[in-house]
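Dumped entry.txt below, it's compact mmCIF, C-alpha atoms and all ligand atoms:
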```
# COMPACT_ATOMS: atom_id res chain seq x y z
CA MET A 1 -3.43 -12.66 17.05
CA LYS A 2 -4.06 -11.02 20.38
CA GLU A 3 -7.01 -8.66 20.62
CA GLY A 4 -8.27 -6.30 23.28
CA HIS A 5 -11.74 -4.97 24.01
CA LEU A 6 -14.20 -2.85 22.15
CA PRO A 7 -17.75 -1.80 23.01
CA PRO A 8 -20.42 -4.38 22.04
CA ILE A 9 -21.81 -2.06 19.38
CA CYS A 10 -18.57 -2.48 17.44
CA SER A 11 -18.63 -6.29 17.42
CA LYS A 12 -22.30 -6.12 16.36
CA ARG A 13 -21.27 -3.93 13.48
CA ILE A 14 -18.56 -6.41 12.52
CA ARG A 15 -21.09 -9.25 12.48
CA THR A 16 -23.46 -7.24 10.32
CA LEU A 17 -20.71 -6.43 7.87
CA CYS A 18 -19.64 -10.06 7.67
CA GLN A 19 -23.22 -11.19 7.10
CA MET A 20 -23.49 -8.74 4.26
CA GLY A 21 -20.69 -10.83 2.79
CA LEU A 22 -18.72 -7.93 1.46
CA ILE A 23 -16.06 -6.20 3.47
CA VAL A 24 -13.79 -3.92 1.61
CA VAL A 25 -10.35 -3.18 2.87
CA SER A 26 -7.99 -0.75 1.24
CA LEU A 27 -4.34 -1.20 2.06
CA ILE A 28 -3.14 2.35 1.78
CA PRO A 29 0.29 2.67 0.20
CA LEU A 30 3.18 3.87 2.30
CA VAL A 31 5.50 6.50 0.96
CA VAL A 32 9.06 5.25 0.60
CA LYS A 33 12.30 6.55 -0.84
CA ASP A 34 12.34 4.20 -3.82
CA VAL A 35 10.47 1.30 -5.32
CA PHE A 36 12.50 -1.38 -3.58
CA ALA A 37 11.96 -1.26 0.12
CA ASP A 38 12.95 -3.23 3.15
CA VAL A 39 10.10 -5.31 4.53
CA PRO A 40 9.96 -4.91 8.29
CA THR A 41 9.11 -7.85 10.57
CA SER A 42 6.37 -5.99 12.36
CA GLY A 43 4.05 -3.24 11.25
CA GLY A 44 5.19 0.23 12.17
CA ALA A 45 2.99 3.13 13.16
CA SER A 46 2.40 3.91 9.50
CA ARG A 47 1.24 0.36 8.69
CA PRO A 48 -2.39 0.37 7.53
CA GLN A 49 -4.82 -0.65 10.26
CA ILE A 50 -8.38 -1.91 10.11
CA LEU A 51 -9.55 -0.33 13.28
CA PHE A 52 -13.06 -1.76 13.42
CA VAL A 53 -11.84 -5.33 13.68
CA LYS A 54 -8.63 -4.72 15.54
CA ASN A 55 -10.00 -4.93 19.03
CA MET A 56 -12.82 -7.42 19.00
CA GLN A 57 -13.91 -8.79 22.30
CA GLY A 58 -14.86 -12.07 23.78
CA ASN A 59 -14.52 -14.53 20.91
CA GLU A 60 -12.08 -17.28 20.02
CA MET A 61 -9.02 -15.89 18.31
CA ILE A 62 -7.03 -17.27 15.47
CA GLU A 63 -3.71 -17.75 17.26
CA ASN A 64 -1.67 -19.96 15.00
CA THR A 65 0.37 -17.77 12.74
CA ASN A 66 3.37 -20.01 12.22
CA LEU A 67 3.74 -19.44 8.54
CA TYR A 68 7.20 -21.01 8.28
CA GLU A 69 6.05 -24.46 9.46
CA THR A 70 3.02 -24.25 7.21
CA ILE A 71 5.21 -23.93 4.10
CA PHE A 72 6.21 -27.60 4.55
CA LYS A 73 2.66 -28.98 4.67
CA ARG A 74 0.26 -26.62 2.86
CA LYS A 75 -1.60 -27.69 -0.23
CA SER A 76 -4.31 -26.34 -2.50
CA VAL A 77 -7.79 -27.24 -1.28
CA ARG A 78 -10.48 -27.57 -3.96
CA GLU A 79 -13.32 -29.31 -2.05
CA TYR A 80 -15.12 -27.16 0.52
CA ASP A 81 -17.94 -27.33 2.99
CA LEU A 82 -20.11 -24.57 1.48
CA THR A 83 -21.42 -23.43 4.86
CA PRO A 84 -20.06 -19.89 5.36
CA LEU A 85 -17.43 -19.44 8.06
CA ASP A 86 -18.75 -17.66 11.14
CA GLY A 87 -18.65 -13.88 11.21
CA HIS A 88 -15.95 -13.75 13.82
CA THR A 89 -13.55 -15.92 11.83
CA LEU A 90 -14.22 -13.81 8.73
CA ALA A 91 -13.51 -10.65 10.70
CA GLU A 92 -10.23 -12.17 11.91
CA ILE A 93 -9.27 -12.98 8.35
CA MET A 94 -10.09 -9.47 7.20
CA ALA A 95 -8.14 -8.06 10.13
CA HIS A 96 -5.14 -10.12 9.08
CA MET A 97 -5.05 -8.23 5.78
CA SER A 98 -3.50 -5.28 7.54
CA ALA A 99 -0.66 -7.55 8.69
CA LEU A 100 0.30 -8.60 5.15
CA LYS A 101 3.65 -7.14 4.17
CA PRO A 102 4.17 -5.77 0.68
CA MET A 103 7.29 -6.36 -1.40
CA TYR A 104 6.95 -2.89 -2.88
CA ASP A 105 5.12 -0.67 -0.50
CA ASP A 106 4.32 2.12 -2.93
CA ILE A 107 1.81 -0.04 -4.80
CA LYS A 108 -1.79 0.41 -3.79
CA ILE A 109 -3.66 -2.86 -3.18
CA GLU A 110 -7.31 -3.52 -2.43
CA MET A 111 -8.80 -6.80 -1.22
CA LYS A 112 -12.49 -7.66 -1.05
CA LEU A 113 -14.23 -10.57 0.59
CA VAL A 114 -17.00 -11.95 -1.63
CA SER A 115 -19.16 -15.06 -1.82
CA GLN A 116 -19.72 -17.66 -4.55
CA LYS A 117 -22.47 -15.70 -6.29
CA ASP A 118 -19.92 -12.94 -6.94
CA VAL A 119 -17.46 -15.09 -8.93
CA LYS A 120 -17.69 -17.12 -12.12
CA GLY A 121 -15.56 -18.94 -14.63
CA LEU A 122 -14.08 -22.18 -15.80
CA LEU A 123 -12.54 -24.51 -13.25
CA LEU A 124 -13.87 -22.49 -10.33
CA ALA A 125 -13.23 -24.22 -7.01
CA LYS A 126 -16.64 -23.96 -5.31
CA ALA A 127 -15.97 -22.36 -1.95
CA PRO A 128 -18.07 -20.31 0.47
CA HIS A 129 -15.68 -17.34 0.27
CA TYR A 130 -13.20 -15.68 -2.06
CA LEU A 131 -10.71 -12.90 -1.64
CA VAL A 132 -10.60 -10.66 -4.69
CA VAL A 133 -7.35 -8.75 -5.13
CA PHE A 134 -7.05 -5.50 -7.05
CA SER A 135 -3.86 -3.52 -7.58
CA GLU A 136 -2.38 -0.41 -9.09
CA THR A 137 -0.52 -1.43 -12.22
CA LYS A 138 2.96 -0.20 -11.30
CA ASP A 139 6.20 -2.09 -12.05
CA GLY A 140 6.27 -5.36 -10.12
CA TYR A 141 2.59 -5.26 -9.14
CA LEU A 142 1.83 -8.88 -10.04
CA THR A 143 4.82 -10.17 -8.07
CA ASN A 144 3.80 -7.90 -5.20
CA VAL A 145 0.29 -9.43 -5.18
CA GLY A 146 1.77 -12.95 -5.17
CA PHE A 147 4.04 -12.00 -2.26
CA MET A 148 1.18 -10.53 -0.21
CA LEU A 149 -1.59 -13.01 -0.92
CA GLN A 150 0.67 -16.00 -0.22
CA GLN A 151 1.00 -14.71 3.34
CA MET A 152 -2.79 -15.01 3.53
CA ASP A 153 -2.77 -18.49 1.93
CA LEU A 154 -0.32 -19.67 4.60
CA PHE A 155 -2.20 -17.88 7.40
CA LEU A 156 -5.45 -19.61 6.42
CA SER A 157 -3.77 -23.01 6.17
CA ALA A 158 -2.04 -22.49 9.53
CA ASN A 159 -5.46 -21.87 11.04
CA GLY A 160 -7.29 -24.92 9.68
CA ILE A 161 -8.89 -23.12 6.72
CA GLY A 162 -8.39 -24.43 3.19
CA SER A 163 -7.56 -22.14 0.27
CA CYS A 164 -6.73 -22.27 -3.42
CA TRP A 165 -5.40 -19.66 -5.82
CA GLN A 166 -7.85 -19.15 -8.69
CA GLY A 167 -6.12 -17.89 -11.82
CA MET A 168 -8.90 -18.62 -14.31
CA PRO A 169 -12.15 -17.47 -12.63
CA LYS A 170 -13.14 -13.84 -12.35
CA PRO A 171 -15.46 -11.77 -10.18
CA THR A 172 -18.76 -10.53 -11.64
CA LYS A 173 -18.94 -7.16 -13.42
CA GLU A 174 -20.45 -5.57 -10.35
CA ILE A 175 -17.44 -6.53 -8.23
CA LEU A 176 -15.00 -5.57 -10.99
CA ASN A 177 -16.62 -2.15 -11.26
CA SER A 178 -16.47 -1.65 -7.52
CA SER A 179 -12.74 -0.88 -7.63
CA LYS A 180 -10.75 1.71 -9.52
CA LEU A 181 -7.76 -0.62 -9.45
CA GLU A 182 -7.04 -3.54 -11.80
CA PHE A 183 -8.42 -6.95 -10.86
CA VAL A 184 -5.50 -9.36 -10.38
CA ILE A 185 -6.57 -12.69 -8.89
CA LEU A 186 -8.91 -14.61 -6.58
CA LEU A 187 -8.20 -16.83 -3.59
CA ALA A 188 -10.93 -19.34 -2.71
CA PHE A 189 -11.19 -20.33 0.94
CA GLY A 190 -13.38 -22.09 3.47
CA LYS A 191 -13.70 -25.14 5.69
CA PRO A 192 -11.97 -27.98 3.83
CA LYS A 193 -13.84 -31.11 2.78
CA GLU A 194 -10.56 -32.79 1.88
CA ARG A 195 -7.25 -33.19 3.69
CA LEU A 196 -5.91 -29.74 4.63
CA HIS A 197 -2.22 -30.57 4.90
CA ARG A 198 0.39 -32.84 3.38
CA GLU A 199 1.95 -35.29 5.77
CA SER A 200 5.49 -34.97 4.44
CA VAL A 201 7.53 -32.93 2.00
CA SER A 202 7.79 -36.00 -0.26
CA GLU A 203 4.11 -35.41 -1.18
CA PHE A 204 4.98 -32.11 -2.92
CA GLN A 205 5.36 -32.53 -6.68
CA ARG A 206 8.19 -30.12 -7.25
CA LYS A 207 11.42 -29.80 -9.26
CA PRO A 208 14.56 -30.83 -7.35
CA LEU A 209 16.51 -27.97 -5.77
CA GLY A 210 19.35 -28.37 -8.29
CA GLU A 211 16.96 -27.40 -11.11
CA ILE A 212 15.85 -24.12 -9.57
CA THR A 213 19.16 -22.82 -8.21
CA ASP A 214 22.92 -23.11 -8.46
CA ILE A 215 23.51 -21.44 -5.08
CA LYS A 216 25.31 -23.54 -2.48
CA GLY A 217 24.87 -23.00 1.26
CA ALA A 218 21.41 -21.41 1.31
CA ASP A 219 19.18 -24.49 1.25
CA GLU A 220 17.30 -23.32 4.34
CA LEU A 221 16.01 -20.38 2.28
CA LEU A 222 15.74 -22.00 -1.14
CA GLU A 223 13.99 -25.21 -0.07
CA PRO A 224 10.94 -23.21 1.16
CA ALA A 225 10.96 -21.35 -2.20
CA ARG A 226 11.08 -24.71 -4.01
CA LEU A 227 7.89 -25.82 -2.24
CA ALA A 228 5.92 -22.72 -3.25
CA PRO A 229 2.70 -23.17 -5.21
CA SER A 230 2.62 -21.83 -8.76
CA ALA A 231 0.06 -21.59 -11.55
CA MET A 232 -0.28 -25.04 -13.13
CA ASN A 233 2.65 -26.04 -10.94
CA ARG A 234 5.02 -24.64 -13.57
CA GLN A 235 7.64 -23.44 -11.04
CA GLN A 236 9.11 -20.90 -13.48
CA TRP A 237 11.74 -19.63 -11.05
CA PHE A 238 15.52 -19.72 -10.95
CA PHE A 239 17.73 -18.34 -8.18
CA THR A 240 21.40 -17.55 -8.64
CA GLY A 241 24.09 -15.49 -6.88
CA ASN A 242 25.17 -16.51 -3.41
CA ALA A 243 23.77 -17.08 0.08
CA ASN A 244 23.77 -13.33 0.87
CA THR A 245 22.69 -11.94 -2.50
CA ILE A 246 20.07 -14.01 -4.26
CA HIS A 247 19.00 -12.96 -7.76
CA ALA A 248 15.52 -14.16 -8.71
CA TYR A 249 14.68 -14.85 -12.37
CA ARG A 250 11.52 -16.00 -14.12
CA ALA A 251 11.67 -18.48 -16.99
CA ASN A 252 10.07 -17.03 -20.12
CA SER A 253 6.97 -18.70 -21.43
CA SER A 254 7.08 -19.76 -25.07
CA PHE A 255 5.70 -17.30 -27.63
CA LEU A 256 2.49 -19.33 -27.91
CA THR A 257 1.82 -19.66 -24.18
CA ALA A 258 3.08 -16.24 -23.06
CA PHE A 259 -0.37 -14.64 -23.20
CA MET A 260 -1.70 -17.35 -20.88
CA PHE A 261 1.17 -17.72 -18.46
CA GLU A 262 2.95 -14.36 -18.31
CA LYS A 263 0.64 -12.85 -15.70
CA MET A 264 0.33 -16.02 -13.61
CA SER A 265 4.08 -16.68 -13.64
CA LYS A 266 4.77 -13.18 -12.32
CA ILE A 267 2.31 -13.76 -9.48
CA SER A 268 3.92 -17.16 -8.82
CA MET A 269 7.36 -15.52 -8.57
CA GLY A 270 6.03 -13.37 -5.74
CA ILE A 271 4.81 -16.51 -3.99
CA ALA A 272 8.22 -18.22 -4.11
CA ILE A 273 9.93 -15.01 -2.97
CA CYS A 274 7.42 -14.83 -0.10
CA HIS A 275 8.42 -18.33 1.06
CA LEU A 276 12.10 -17.36 0.87
CA TRP A 277 11.43 -14.18 2.85
CA ILE A 278 9.45 -16.03 5.53
CA ALA A 279 12.32 -18.53 5.87
CA ALA A 280 14.89 -15.72 6.17
CA LYS A 281 12.80 -14.07 8.89
CA HIS A 282 12.44 -17.44 10.63
CA PHE A 283 16.23 -17.72 10.78
CA GLY A 284 16.55 -14.19 12.15
CA LYS A 285 17.79 -12.54 8.95
CA GLU A 286 16.84 -9.14 7.61
CA VAL A 287 15.74 -9.00 3.98
CA GLU A 288 16.00 -6.20 1.46
CA PHE A 289 14.67 -6.25 -2.08
CA ILE A 290 16.85 -4.30 -4.51
CA CYS A 291 17.32 -3.89 -8.23
CA ASP A 292 20.84 -5.04 -9.19
CA LYS A 293 21.59 -3.62 -12.65
CA GLU A 294 24.35 -6.14 -13.34
CA ALA A 295 22.11 -9.09 -12.46
CA GLN A 296 19.35 -7.51 -14.54
CA ASN A 297 21.63 -7.24 -17.58
CA ASN A 298 22.97 -10.76 -17.17
CA ALA A 299 19.86 -12.90 -16.94
CA PRO A 300 20.40 -16.60 -17.68
CA ALA A 301 19.24 -17.53 -21.18
CA GLY A 302 15.45 -17.71 -21.47
CA HIS A 303 14.89 -15.85 -18.21
CA ASP A 304 13.74 -12.39 -17.12
CA TYR A 305 15.18 -10.67 -14.08
CA VAL A 306 12.73 -10.16 -11.21
CA VAL A 307 14.55 -8.85 -8.14
CA THR A 308 17.65 -9.28 -5.98
CA ILE A 309 17.12 -10.42 -2.41
CA LYS A 310 19.77 -9.20 0.02
CA ILE A 311 20.01 -11.41 3.12
CA LYS A 312 21.64 -9.69 6.10
C1 LIG A 401 -1.13 -17.88 -9.59
C2 LIG A 401 -1.81 -19.23 -9.41
C3 LIG A 401 -2.97 -19.52 -10.10
C4 LIG A 401 -3.62 -20.74 -9.89
N1 LIG A 401 -4.80 -20.97 -10.53
C5 LIG A 401 -5.49 -22.12 -10.26
C6 LIG A 401 -6.79 -22.33 -10.82
O1 LIG A 401 -7.31 -21.51 -11.59
N2 LIG A 401 -7.44 -23.47 -10.48
C7 LIG A 401 -6.89 -24.40 -9.64
O2 LIG A 401 -7.54 -25.41 -9.36
N3 LIG A 401 -5.66 -24.22 -9.10
C8 LIG A 401 -4.96 -23.11 -9.36
N4 LIG A 401 -3.73 -22.89 -8.78
C9 LIG A 401 -3.16 -23.88 -7.86
C10 LIG A 401 -1.99 -24.63 -8.50
O3 LIG A 401 -2.48 -25.53 -9.47
C11 LIG A 401 -1.23 -25.37 -7.40
O4 LIG A 401 -0.71 -24.40 -6.52
C12 LIG A 401 -0.08 -26.19 -7.92
O5 LIG A 401 -0.56 -27.25 -8.75
C13 LIG A 401 0.73 -26.82 -6.76
O6 LIG A 401 -0.09 -27.59 -5.91
P1 LIG A 401 -0.25 -27.25 -4.36
O7 LIG A 401 -0.76 -25.84 -4.24
O8 LIG A 401 -1.25 -28.25 -3.87
O9 LIG A 401 1.09 -27.39 -3.71
C14 LIG A 401 -3.06 -21.70 -9.00
C15 LIG A 401 -1.88 -21.39 -8.32
C16 LIG A 401 -1.26 -20.17 -8.51
C17 LIG A 401 -0.03 -19.86 -7.73
```

Could you take the file, read its structure, and then write that structure out as structure tokens?
Ligand SMILES: Cc1cc2nc3c(=O)[nH]c(=O)nc-3n(C[C@H](O)[C@H](O)[C@H](O)COP(=O)(O)O)c2cc1C
Amino acid sequence: MKEGHLPPICSKRIRTLCQMGLIVVSLIPLVVKDVFADVPTSGGASRPQILFVKNMQGNEMIENTNLYETIFKRKSVREYDLTPLDGHTLAEIMAHMSALKPMYDDIKIEMKLVSQKDVKGLLLAKAPHYLVVFSETKDGYLTNVGFMLQQMDLFLSANGIGSCWQGMPKPTKEILNSSKLEFVILLAFGKPKERLHRESVSEFQRKPLGEITDIKGADELLEPARLAPSAMNRQQWFFTGNANTIHAYRANSSFLTAFMFEKMSKISMGIAICHLWIAAKHFGKEVEFICDKEAQNNAPAGHDYVVTIKIK
């Protein structure tokens, strides 16, 4: 992340905002022709910008943004040094929000940075910071949140910061009431007090590739999807089609568990699709997300159609 210069008053303001522990960033939706949109490699002129952190001066920058490599070593971090990250690092993280690409760019998203006193719930990973994600509740919004926030999960991991998706905990009422959008999920993050990365792919506890796809000749895209994190590691995804047209499906939860897993599995689908998309970009391919009616009407038994990923 290369930055330029801004008058000192601006960096002072950034520090003050970070110390307040609550920076709110609205990612303004872009108007597109239809729901399914191409995801460009770099932000265009219309991409939302966070101007007050865009041009900070003088400090160390978070440079390492190799998300593709990080896919093969990331892991959930649940033990944190509770000392808050410095204001500059927090500002960099907030600035990175404007670089997150949506899957559906007509869905309004809001992310807030909060501290531990602002979150509660069972199985909360105690961390110095949390990102709270809110969204408009349009078709595909949960998958869209998974797709976007996984880019942040990888960005943090690539930069030596641990993180963990938090499906169970919730923000306090005050934080919930601070947005007009629906609360979706939290991401805990901070300086790790446990190992940040896996040493090899064999450490991932994941289904074999043959269980999550029947596509031949696209392992370089599907292996990264296989390694994606999912709620309770359920890996409810299945990919079929061919190397150029990949249909993504989500395994249905049983009647009894649907109320618990439906929402989380939709978010998890977005995460796996994010890994696939990052891999495609890494190999120089363009990606388009479309709705393929035939694939939608011919879902494998026990699965729901999510999206078709065109690789060009
Ligand atoms: C949508 C979602 C919700 C999750 N919720 C929790 C949670 O509430 N608590 C937790 O400790 N881990 C949670 N996780 C982390 C998963 O348990 C973890 O990603 C999975 O077991 C795979 O392990 P890994 O991330 O280390 O590869 C969640 C992950 C996802 C994707």

Inset, instruction - Compute the set of protein, DNA and RNA residues whose minimum atom distance to ligand LIG 401 (chain A) is at most 9 Å, using only C-alpha atoms and all ligand atoms, and state it as JSON, numbers by chain. - result: {"A": [73, 74, 75, 76, 77, 78, 122, 123, 124, 125, 146, 150, 163, 164, 165, 166, 167, 168, 169, 185, 186, 187, 198, 203, 204, 205, 206, 227, 228, 229, 230, 231, 232, 233, 234, 235, 263, 264, 265, 266, 267, 268, 269, 271]}

Can I get the selection written as a PDB file, in the coordinates of the input, with C-alpha atoms?
```pdb
ATOM      1  CA  LYS A  73       2.660 -28.980   4.670  1.00  0.00           C
ATOM      2  CA  ARG A  74       0.260 -26.620   2.860  1.00  0.00           C
ATOM      3  CA  LYS A  75      -1.600 -27.690  -0.230  1.00  0.00           C
ATOM      4  CA  SER A  76      -4.310 -26.340  -2.500  1.00  0.00           C
ATOM      5  CA  VAL A  77      -7.790 -27.240  -1.280  1.00  0.00           C
ATOM      6  CA  ARG A  78     -10.480 -27.570  -3.960  1.00  0.00           C
ATOM      7  CA  LEU A 122     -14.080 -22.180 -15.800  1.00  0.00           C
ATOM      8  CA  LEU A 123     -12.540 -24.510 -13.250  1.00  0.00           C
ATOM      9  CA  LEU A 124     -13.870 -22.490 -10.330  1.00  0.00           C
ATOM     10  CA  ALA A 125     -13.230 -24.220  -7.010  1.00  0.00           C
ATOM     11  CA  GLY A 146       1.770 -12.950  -5.170  1.00  0.00           C
ATOM     12  CA  GLN A 150       0.670 -16.000  -0.220  1.00  0.00           C
ATOM     13  CA  SER A 163      -7.560 -22.140   0.270  1.00  0.00           C
ATOM     14  CA  CYS A 164      -6.730 -22.270  -3.420  1.00  0.00           C
ATOM     15  CA  TRP A 165      -5.400 -19.660  -5.820  1.00  0.00           C
ATOM     16  CA  GLN A 166      -7.850 -19.150  -8.690  1.00  0.00           C
ATOM     17  CA  GLY A 167      -6.120 -17.890 -11.820  1.00  0.00           C
ATOM     18  CA  MET A 168      -8.900 -18.620 -14.310  1.00  0.00           C
ATOM     19  CA  PRO A 169     -12.150 -17.470 -12.630  1.00  0.00           C
ATOM     20  CA  ILE A 185      -6.570 -12.690  -8.890  1.00  0.00           C
ATOM     21  CA  LEU A 186      -8.910 -14.610  -6.580  1.00  0.00           C
ATOM     22  CA  LEU A 187      -8.200 -16.830  -3.590  1.00  0.00           C
ATOM     23  CA  ARG A 198       0.390 -32.840   3.380  1.00  0.00           C
ATOM     24  CA  GLU A 203       4.110 -35.410  -1.180  1.00  0.00           C
ATOM     25  CA  PHE A 204       4.980 -32.110  -2.920  1.00  0.00           C
ATOM     26  CA  GLN A 205       5.360 -32.530  -6.680  1.00  0.00           C
ATOM     27  CA  ARG A 206       8.190 -30.120  -7.250  1.00  0.00           C
ATOM     28  CA  LEU A 227       7.890 -25.820  -2.240  1.00  0.00           C
ATOM     29  CA  ALA A 228       5.920 -22.720  -3.250  1.00  0.00           C
ATOM     30  CA  PRO A 229       2.700 -23.170  -5.210  1.00  0.00           C
ATOM     31  CA  SER A 230       2.620 -21.830  -8.760  1.00  0.00           C
ATOM     32  CA  ALA A 231       0.060 -21.590 -11.550  1.00  0.00           C
ATOM     33  CA  MET A 232      -0.280 -25.040 -13.130  1.00  0.00           C
ATOM     34  CA  ASN A 233       2.650 -26.040 -10.940  1.00  0.00           C
ATOM     35  CA  ARG A 234       5.020 -24.640 -13.570  1.00  0.00           C
ATOM     36  CA  GLN A 235       7.640 -23.440 -11.040  1.00  0.00           C
ATOM     37  CA  LYS A 263       0.640 -12.850 -15.700  1.00  0.00           C
ATOM     38  CA  MET A 264       0.330 -16.020 -13.610  1.00  0.00           C
ATOM     39  CA  SER A 265       4.080 -16.680 -13.640  1.00  0.00           C
ATOM     40  CA  LYS A 266       4.770 -13.180 -12.320  1.00  0.00           C
ATOM     41  CA  ILE A 267       2.310 -13.760  -9.480  1.00  0.00           C
ATOM     42  CA  SER A 268       3.920 -17.160  -8.820  1.00  0.00           C
ATOM     43  CA  MET A 269       7.360 -15.520  -8.570  1.00  0.00           C
ATOM     44  CA  ILE A 271       4.810 -16.510  -3.990  1.00  0.00           C
TER      45      ILE A 271
END
```

Legend entry - Residues within 8 Å of Val307 of chain A, all atoms listed in the file, excluding chain neighbours under 2 positions, as an MDAnalysis selection string: chainID A and resid 247:249 289:292 305 309

Inset, instruction - Tell me, as a list of chain:residue names, which residues lie within 8 Å of Ile107 of chain A, counting all atoms listed in the file; anything in the same chain fewer than 2 positions away does not count. - result: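 Neighbouring residues, sequence-local ones excluded: A:Pro29, A:Tyr104, A:Asp105, A:Ile109, A:Ser135, A:Glu136, A:Thr137, A:Lys138, A:Tyr141.
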
Legend entry - Nearest-residue call for Glu182 of chain A, choices A:Glu69, A:Met111, A:Trp237, A:His275, using only C-alpha atoms: A:Met111

Completion of segment 96-102 of chain A up to all heavy atoms, as a short mmCIF file (atom, residue, chain, number, x, y, z; two decimals), in the frame of the given file:
```cif
data_model
loop_
_atom_site.label_atom_id
_atom_site.label_comp_id
_atom_site.auth_asym_id
_atom_site.auth_seq_id
_atom_site.Cartn_x
_atom_site.Cartn_y
_atom_site.Cartn_z
N HIS A 96 -6.50 -9.69 9.40
CA HIS A 96 -5.14 -10.12 9.08
C HIS A 96 -4.61 -9.43 7.81
O HIS A 96 -3.40 -9.35 7.62
CB HIS A 96 -5.09 -11.65 8.92
CG HIS A 96 -3.69 -12.16 8.82
ND1 HIS A 96 -2.79 -12.05 9.86
CD2 HIS A 96 -3.00 -12.73 7.80
CE1 HIS A 96 -1.62 -12.54 9.48
NE2 HIS A 96 -1.72 -12.95 8.24
N MET A 97 -5.50 -8.93 7.00
CA MET A 97 -5.05 -8.23 5.78
C MET A 97 -4.10 -7.08 6.11
O MET A 97 -3.19 -6.79 5.35
CB MET A 97 -6.24 -7.68 5.03
CG MET A 97 -6.94 -8.73 4.24
SD MET A 97 -8.22 -7.93 3.31
CE MET A 97 -9.15 -9.35 2.86
N SER A 98 -4.36 -6.43 7.22
CA SER A 98 -3.50 -5.28 7.54
C SER A 98 -2.12 -5.73 7.99
O SER A 98 -1.20 -4.92 8.09
CB SER A 98 -4.15 -4.42 8.62
OG SER A 98 -4.21 -5.13 9.83
N ALA A 99 -1.97 -7.04 8.27
CA ALA A 99 -0.66 -7.55 8.69
C ALA A 99 0.16 -8.04 7.49
O ALA A 99 1.33 -8.37 7.64
CB ALA A 99 -0.85 -8.69 9.69
N LEU A 100 -0.44 -8.10 6.32
CA LEU A 100 0.30 -8.60 5.15
C LEU A 100 1.35 -7.57 4.75
O LEU A 100 1.06 -6.38 4.64
CB LEU A 100 -0.65 -8.85 3.97
CG LEU A 100 -1.83 -9.79 4.24
CD1 LEU A 100 -2.67 -9.95 2.97
CD2 LEU A 100 -1.36 -11.14 4.76
N LYS A 101 2.56 -8.05 4.53
CA LYS A 101 3.65 -7.14 4.17
C LYS A 101 3.80 -7.07 2.65
O LYS A 101 3.80 -8.10 1.99
CB LYS A 101 4.98 -7.61 4.77
CG LYS A 101 4.96 -7.86 6.26
CD LYS A 101 4.81 -6.58 7.05
CE LYS A 101 4.98 -6.81 8.53
NZ LYS A 101 3.94 -7.66 9.12
N PRO A 102 3.95 -5.87 2.12
CA PRO A 102 4.17 -5.77 0.68
C PRO A 102 5.65 -5.98 0.33
O PRO A 102 6.52 -5.81 1.18
CB PRO A 102 3.76 -4.34 0.37
CG PRO A 102 4.05 -3.59 1.63
CD PRO A 102 3.89 -4.56 2.77
#
```
